[in-house]
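Have a look at the structure below before the remarks.
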Amino acid sequence: MIKSVGIIGASGWLGRNLAAALLEQGRQVVGFSRRTREDQGLEWRQWDGDGEIDLSGVVAVVNLAGEAIDQRWNEKRKEEFYRSRTKLTENLVNAVRASEVRVFLNSSAVGIYGDRKEVLLSEGSKPGEGYLADLCIAWEKAAMVAEHSGIRVCCLRTGVVLGKGGRAWEKIRRIFCFGLGGKLGDGQQWMPWIHLDDEIGGIIHCLDHELSGPINLVSPHPVRNEELTLMLAQAMSRPAVFAVPRFALKLVFGEFAEEGLLASQRVDPAVLKKDRYQFKYNHIGHALADLTA
């Protein structure tokens, strides 16, 4: 078990939950943030993503940094997406290669697969097309440079993380609470989801097992958007009659609608399954029961 872990983006929702899980296991956790913080049990060090970073005493680094991409895109925001992912990762890798770090886990996303309709996608599948795919390709390429220094690298291709307090779940929950829930477009697009507990569990599994390369952090059972909508409406005892047409999504979200909300990605966590990771929430029904309890 790796005893000392540094988390880039430890002040974010996912970072806070990962830090808490690692601390509960008795590990030393160093959080990196742009601002000085004082949280009990967690050592904080400042890093703005560009200058020098103090990685002393850290054996593994998990990079969770990145500007939220679930918003309307424009050229300025696209530049920030790139800077906060690819450029930051390049800077971090340079520091990691000059340190005693031996394991590097870097965020990525299932967006690398593009819109693939009904194709079952594993880590060995070819990348897709589009802005998100190109961004993830550059992001992963920047991370894999660390391998040249003998560092074990995992690129965490994460799906939609469902957990209380998270951006995705809270947005969905509020919409359904007001009785405005409904499928997106025709609702036939596959949605690669994962419960927060398994997102954290999968990351820790990657830390402690000899895995490398791309890792799909998704449930073994993706669902179509329409199925998710109906099951969530049932779990929350709310109607789900307001189907949102494609043109309306494009009007509000622009490019993100096509590549983020309407893209179909039937992603399989083949590497984690082969390595016998035990998912806590295999099926969306179990996850929704927990989230709506």
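Residues in the structure tokens are named by chain (A, B, ... in the order shown) and by number from 1 within that chain; ligands are numbered from 1 in the order shown.
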Contact residues around Val61 of chain A with only C-alpha atoms at 9 Å, ignoring same-chain residues under 2 positions, as a PDB file with N, CA and C atoms, in the first residue's frame:
ATOM      1  N   SER A   4       2.150   7.565   1.017  1.00  0.00           N
ATOM      2  CA  SER A   4       2.134   9.023   0.874  1.00  0.00           C
ATOM      3  C   SER A   4       1.628   9.418  -0.508  1.00  0.00           C
ATOM      4  N   VAL A   5       0.524  10.170  -0.548  1.00  0.00           N
ATOM      5  CA  VAL A   5      -0.125  10.521  -1.813  1.00  0.00           C
ATOM      6  C   VAL A   5      -0.340  12.024  -1.891  1.00  0.00           C
ATOM      7  N   GLY A   6       0.062  12.618  -3.003  1.00  0.00           N
ATOM      8  CA  GLY A   6      -0.211  14.023  -3.263  1.00  0.00           C
ATOM      9  C   GLY A   6      -1.396  14.138  -4.204  1.00  0.00           C
ATOM     10  N   ILE A   7      -2.310  15.067  -3.922  1.00  0.00           N
ATOM     11  CA  ILE A   7      -3.500  15.242  -4.750  1.00  0.00           C
ATOM     12  C   ILE A   7      -3.533  16.660  -5.300  1.00  0.00           C
ATOM     13  N   ILE A   8      -3.436  16.766  -6.617  1.00  0.00           N
ATOM     14  CA  ILE A   8      -3.617  18.056  -7.282  1.00  0.00           C
ATOM     15  C   ILE A   8      -5.118  18.240  -7.495  1.00  0.00           C
ATOM     16  N   LEU A  55       7.229  18.438  -4.129  1.00  0.00           N
ATOM     17  CA  LEU A  55       6.767  17.055  -4.081  1.00  0.00           C
ATOM     18  C   LEU A  55       7.590  16.212  -3.107  1.00  0.00           C
ATOM     19  N   VAL A  58       6.536  12.694  -1.217  1.00  0.00           N
ATOM     20  CA  VAL A  58       5.362  12.146  -1.896  1.00  0.00           C
ATOM     21  C   VAL A  58       5.782  10.998  -2.808  1.00  0.00           C
ATOM     22  N   VAL A  59       5.132   9.851  -2.666  1.00  0.00           N
ATOM     23  CA  VAL A  59       5.456   8.669  -3.472  1.00  0.00           C
ATOM     24  C   VAL A  59       4.565   8.576  -4.705  1.00  0.00           C
ATOM     25  N   ASN A  63      -3.544  13.572 -10.137  1.00  0.00           N
ATOM     26  CA  ASN A  63      -3.895  14.884 -10.684  1.00  0.00           C
ATOM     27  C   ASN A  63      -5.361  14.904 -11.092  1.00  0.00           C
ATOM     28  N   VAL A  96       7.369  15.951 -11.590  1.00  0.00           N
ATOM     29  CA  VAL A  96       7.305  14.554 -11.157  1.00  0.00           C
ATOM     30  C   VAL A  96       8.568  13.799 -11.580  1.00  0.00           C
ATOM     31  N   VAL A 101       8.745  10.677  -6.879  1.00  0.00           N
ATOM     32  CA  VAL A 101       7.442  10.093  -7.189  1.00  0.00           C
ATOM     33  C   VAL A 101       7.612   8.885  -8.103  1.00  0.00           C
ATOM     34  N   ARG A 102       6.924   7.789  -7.794  1.00  0.00           N
ATOM     35  CA  ARG A 102       7.029   6.560  -8.583  1.00  0.00           C
ATOM     36  C   ARG A 102       5.715   6.182  -9.268  1.00  0.00           C
ATOM     37  N   VAL A 103       4.608   6.799  -8.842  1.00  0.00           N
ATOM     38  CA  VAL A 103       3.305   6.486  -9.431  1.00  0.00           C
ATOM     39  C   VAL A 103       2.597   7.797  -9.749  1.00  0.00           C
ATOM     40  N   PHE A 104       2.048   7.894 -10.958  1.00  0.00           N
ATOM     41  CA  PHE A 104       1.369   9.115 -11.390  1.00  0.00           C
ATOM     42  C   PHE A 104       0.031   8.754 -12.010  1.00  0.00           C
ATOM     43  N   LEU A 105      -1.048   9.185 -11.369  1.00  0.00           N
ATOM     44  CA  LEU A 105      -2.400   8.981 -11.890  1.00  0.00           C
ATOM     45  C   LEU A 105      -2.930  10.321 -12.367  1.00  0.00           C
ATOM     46  N   ASN A 106      -3.310  10.381 -13.645  1.00  0.00           N
ATOM     47  CA  ASN A 106      -3.741  11.644 -14.235  1.00  0.00           C
ATOM     48  C   ASN A 106      -5.158  11.525 -14.777  1.00  0.00           C
TER      49      ASN A 106
END
Contacts of segment 167-211 of chain A with segment 273-292 of chain A up to 9 Å, shortest pair per row, only C-alpha atoms, as CSV:
residue,atom,partner,partner_atom,distance
A:Trp169,CA,A:Leu291,CA,8.7
A:Arg173,CA,A:Thr292,CA,8.8
A:Trp193,CA,A:Ile284,CA,8.2
A:Ile194,CA,A:Tyr281,CA,7.9
A:His195,CA,A:Ala287,CA,6.3
A:Asp197,CA,A:Lys280,CA,7.2
A:Asp198,CA,A:Phe279,CA,6.1
A:Gly201,CA,A:Phe279,CA,8.2
A:Gly202,CA,A:Tyr277,CA,7.4
A:His205,CA,A:Tyr277,CA,7.3
A:His209,CA,A:Asp275,CA,8.6
A:Leu211,CA,A:Asp275,CA,8.5
How about saving the chosen residues, C-alpha atoms kept, as a PDB file, in the first residue's frame?
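New file result.pdb:
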ATOM      1  CA  TRP A 169     -25.869  14.718  -9.561  1.00  0.00           C
ATOM      2  CA  ARG A 173     -31.513  16.175  -8.812  1.00  0.00           C
ATOM      3  CA  TRP A 193     -21.724   6.601 -15.344  1.00  0.00           C
ATOM      4  CA  ILE A 194     -20.019   5.689 -12.064  1.00  0.00           C
ATOM      5  CA  HIS A 195     -21.009   6.110  -8.423  1.00  0.00           C
ATOM      6  CA  ASP A 197     -17.782   5.380  -4.091  1.00  0.00           C
ATOM      7  CA  ASP A 198     -16.528   3.391  -7.077  1.00  0.00           C
ATOM      8  CA  GLY A 201     -12.415   2.954  -4.980  1.00  0.00           C
ATOM      9  CA  GLY A 202     -11.171   2.649  -8.560  1.00  0.00           C
ATOM     10  CA  HIS A 205      -7.195   0.385  -6.715  1.00  0.00           C
ATOM     11  CA  HIS A 209      -2.080  -2.336  -8.085  1.00  0.00           C
ATOM     12  CA  LEU A 211      -1.884  -1.063 -13.558  1.00  0.00           C
TER      13      LEU A 211
END
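Reported to one decimal place, the separation of atom CA of Ser219 of chain A from atom CA of Val267 of chain A is 8.5 Å.
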query: For the atom pair atom CA of Glu129 of chain A and atom CA of Val110 of chain A, what is the interatomic distance in Å to one decimal place?
result: 12.1 Å
message: I'd like the contact shell of segment 36-45 of chain A - 12 Å cut-off, only C-alpha atoms, skipping same-chain residues fewer than 6 positions apart - returned as a PyMOL selection string.
response: chain A and resi 4-11+15-16+18-24+26-30+52-58
Store the residues picked out above, limited to N, CA, C and O atoms, as a compact mmCIF listing (two decimals), in the first residue's frame.
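New file result36.txt:
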# COMPACT_ATOMS: atom_id res chain seq x y z
N SER A 4 2.15 7.57 1.02
CA SER A 4 2.13 9.02 0.87
C SER A 4 1.63 9.42 -0.51
O SER A 4 2.23 9.05 -1.52
N VAL A 5 0.52 10.17 -0.55
CA VAL A 5 -0.13 10.52 -1.81
C VAL A 5 -0.34 12.02 -1.89
O VAL A 5 -0.87 12.64 -0.96
N GLY A 6 0.06 12.62 -3.00
CA GLY A 6 -0.21 14.02 -3.26
C GLY A 6 -1.40 14.14 -4.20
O GLY A 6 -1.50 13.38 -5.17
N ILE A 7 -2.31 15.07 -3.92
CA ILE A 7 -3.50 15.24 -4.75
C ILE A 7 -3.53 16.66 -5.30
O ILE A 7 -3.63 17.63 -4.54
N ILE A 8 -3.44 16.77 -6.62
CA ILE A 8 -3.62 18.06 -7.28
C ILE A 8 -5.12 18.24 -7.49
O ILE A 8 -5.78 17.40 -8.10
N GLY A 9 -5.67 19.33 -6.99
CA GLY A 9 -7.11 19.52 -7.03
C GLY A 9 -7.78 18.94 -5.80
O GLY A 9 -8.95 18.56 -5.84
N ALA A 10 -7.06 18.89 -4.68
CA ALA A 10 -7.59 18.31 -3.45
C ALA A 10 -8.70 19.14 -2.83
O ALA A 10 -9.45 18.65 -1.99
N SER A 11 -8.83 20.39 -3.24
CA SER A 11 -9.87 21.24 -2.68
C SER A 11 -11.20 21.09 -3.41
O SER A 11 -12.23 21.59 -2.96
N GLY A 15 -11.57 15.60 -5.16
CA GLY A 15 -10.33 15.59 -4.40
C GLY A 15 -10.57 15.48 -2.91
O GLY A 15 -9.85 14.74 -2.21
N ARG A 16 -11.57 16.19 -2.39
CA ARG A 16 -11.88 16.12 -0.96
C ARG A 16 -12.31 14.71 -0.56
O ARG A 16 -11.92 14.20 0.49
N LEU A 18 -11.58 11.88 -2.15
CA LEU A 18 -10.44 10.97 -2.25
C LEU A 18 -9.51 11.14 -1.05
O LEU A 18 -9.05 10.15 -0.46
N ALA A 19 -9.23 12.38 -0.67
CA ALA A 19 -8.36 12.65 0.47
C ALA A 19 -8.94 12.02 1.74
O ALA A 19 -8.21 11.40 2.53
N ALA A 20 -10.25 12.17 1.95
CA ALA A 20 -10.88 11.62 3.14
C ALA A 20 -10.75 10.10 3.18
O ALA A 20 -10.48 9.52 4.25
N ALA A 21 -10.93 9.44 2.03
CA ALA A 21 -10.83 7.99 1.97
C ALA A 21 -9.40 7.52 2.27
O ALA A 21 -9.19 6.54 2.98
N LEU A 22 -8.42 8.23 1.73
CA LEU A 22 -7.02 7.86 1.95
C LEU A 22 -6.62 8.09 3.41
O LEU A 22 -5.91 7.27 4.00
N LEU A 23 -7.07 9.19 3.99
CA LEU A 23 -6.77 9.47 5.40
C LEU A 23 -7.40 8.41 6.30
O LEU A 23 -6.79 7.99 7.30
N GLU A 24 -8.59 7.97 5.95
CA GLU A 24 -9.27 6.95 6.74
C GLU A 24 -8.49 5.64 6.73
O GLU A 24 -8.56 4.85 7.69
N GLY A 26 -5.33 5.53 6.85
CA GLY A 26 -4.08 5.75 7.58
C GLY A 26 -2.93 6.23 6.72
O GLY A 26 -1.77 6.13 7.14
N ARG A 27 -3.22 6.76 5.55
CA ARG A 27 -2.16 7.24 4.67
C ARG A 27 -1.90 8.73 4.90
O ARG A 27 -2.75 9.46 5.39
N GLN A 28 -0.70 9.14 4.52
CA GLN A 28 -0.36 10.57 4.55
C GLN A 28 -0.85 11.19 3.24
O GLN A 28 -0.59 10.66 2.16
N VAL A 29 -1.54 12.30 3.34
CA VAL A 29 -2.08 12.97 2.15
C VAL A 29 -1.60 14.41 2.12
O VAL A 29 -1.73 15.14 3.11
N VAL A 30 -1.06 14.81 0.98
CA VAL A 30 -0.64 16.19 0.75
C VAL A 30 -1.55 16.78 -0.31
O VAL A 30 -1.64 16.27 -1.43
N GLU A 52 7.10 26.30 -9.53
CA GLU A 52 7.67 25.13 -8.89
C GLU A 52 6.66 24.51 -7.92
O GLU A 52 5.86 25.19 -7.32
N ILE A 53 6.74 23.19 -7.78
CA ILE A 53 5.87 22.47 -6.87
C ILE A 53 6.72 21.60 -5.96
O ILE A 53 7.67 20.95 -6.42
N ASP A 54 6.41 21.59 -4.68
CA ASP A 54 7.17 20.83 -3.69
C ASP A 54 6.57 19.44 -3.55
O ASP A 54 5.52 19.25 -2.92
N LEU A 55 7.23 18.44 -4.13
CA LEU A 55 6.77 17.05 -4.08
C LEU A 55 7.59 16.21 -3.11
O LEU A 55 7.52 14.98 -3.15
N SER A 56 8.31 16.84 -2.23
CA SER A 56 9.15 16.12 -1.28
C SER A 56 8.31 15.21 -0.38
O SER A 56 7.25 15.61 0.11
N GLY A 57 8.75 13.98 -0.22
CA GLY A 57 8.06 13.03 0.64
C GLY A 57 6.85 12.37 0.02
O GLY A 57 6.20 11.54 0.67
N VAL A 58 6.54 12.69 -1.22
CA VAL A 58 5.36 12.15 -1.90
C VAL A 58 5.78 11.00 -2.81
O VAL A 58 6.69 11.15 -3.63
Please produce, as JSON lines, a per-residue contact table for segment 69-146 of chain A versus segment 242-254 of chain A (criterion: any atom at most 8 Å away, only C-alpha atoms considered), showing the nearest atom pair and its distance in Å to one decimal, sorted by chain then residue number.
{"residue": "A:Gln71", "atom": "CA", "partner": "A:Phe253", "partner_atom": "CA", "distance": 6.4}
{"residue": "A:Arg72", "atom": "CA", "partner": "A:Phe253", "partner_atom": "CA", "distance": 4.5}
{"residue": "A:Trp73", "atom": "CA", "partner": "A:Gly254", "partner_atom": "CA", "distance": 6.6}
Residues from last step as file, N, CA, C and O atoms, as a PDB file, in the first residue's frame:
ATOM      1  N   GLN A  71     -20.331  23.244 -19.497  1.00  0.00           N
ATOM      2  CA  GLN A  71     -20.844  24.604 -19.652  1.00  0.00           C
ATOM      3  C   GLN A  71     -20.770  24.973 -21.135  1.00  0.00           C
ATOM      4  O   GLN A  71     -20.187  24.248 -21.931  1.00  0.00           O
ATOM      5  N   ARG A  72     -21.377  26.085 -21.499  1.00  0.00           N
ATOM      6  CA  ARG A  72     -21.335  26.502 -22.899  1.00  0.00           C
ATOM      7  C   ARG A  72     -19.910  26.870 -23.276  1.00  0.00           C
ATOM      8  O   ARG A  72     -19.245  27.625 -22.575  1.00  0.00           O
ATOM      9  N   TRP A  73     -19.450  26.323 -24.390  1.00  0.00           N
ATOM     10  CA  TRP A  73     -18.069  26.552 -24.813  1.00  0.00           C
ATOM     11  C   TRP A  73     -17.955  27.826 -25.633  1.00  0.00           C
ATOM     12  O   TRP A  73     -18.850  28.199 -26.383  1.00  0.00           O
TER      13      TRP A  73
END
- request: Please return as a PyMOL selection string: the residues of segment 11-82 of chain A that backbone DSSP assigns to strand (DSSP E).
  value: chain A and resi 28-33+43-46+60-63
- request: Per DSSP on the backbone, filter segment 87-291 of chain A down to the residues in alpha helix (DSSP H) and report them as a PyMOL selection string.
  value: chain A and resi 88-97+131-144+167-177+196-208+225-236+246-253+255-256+270-274+284-291
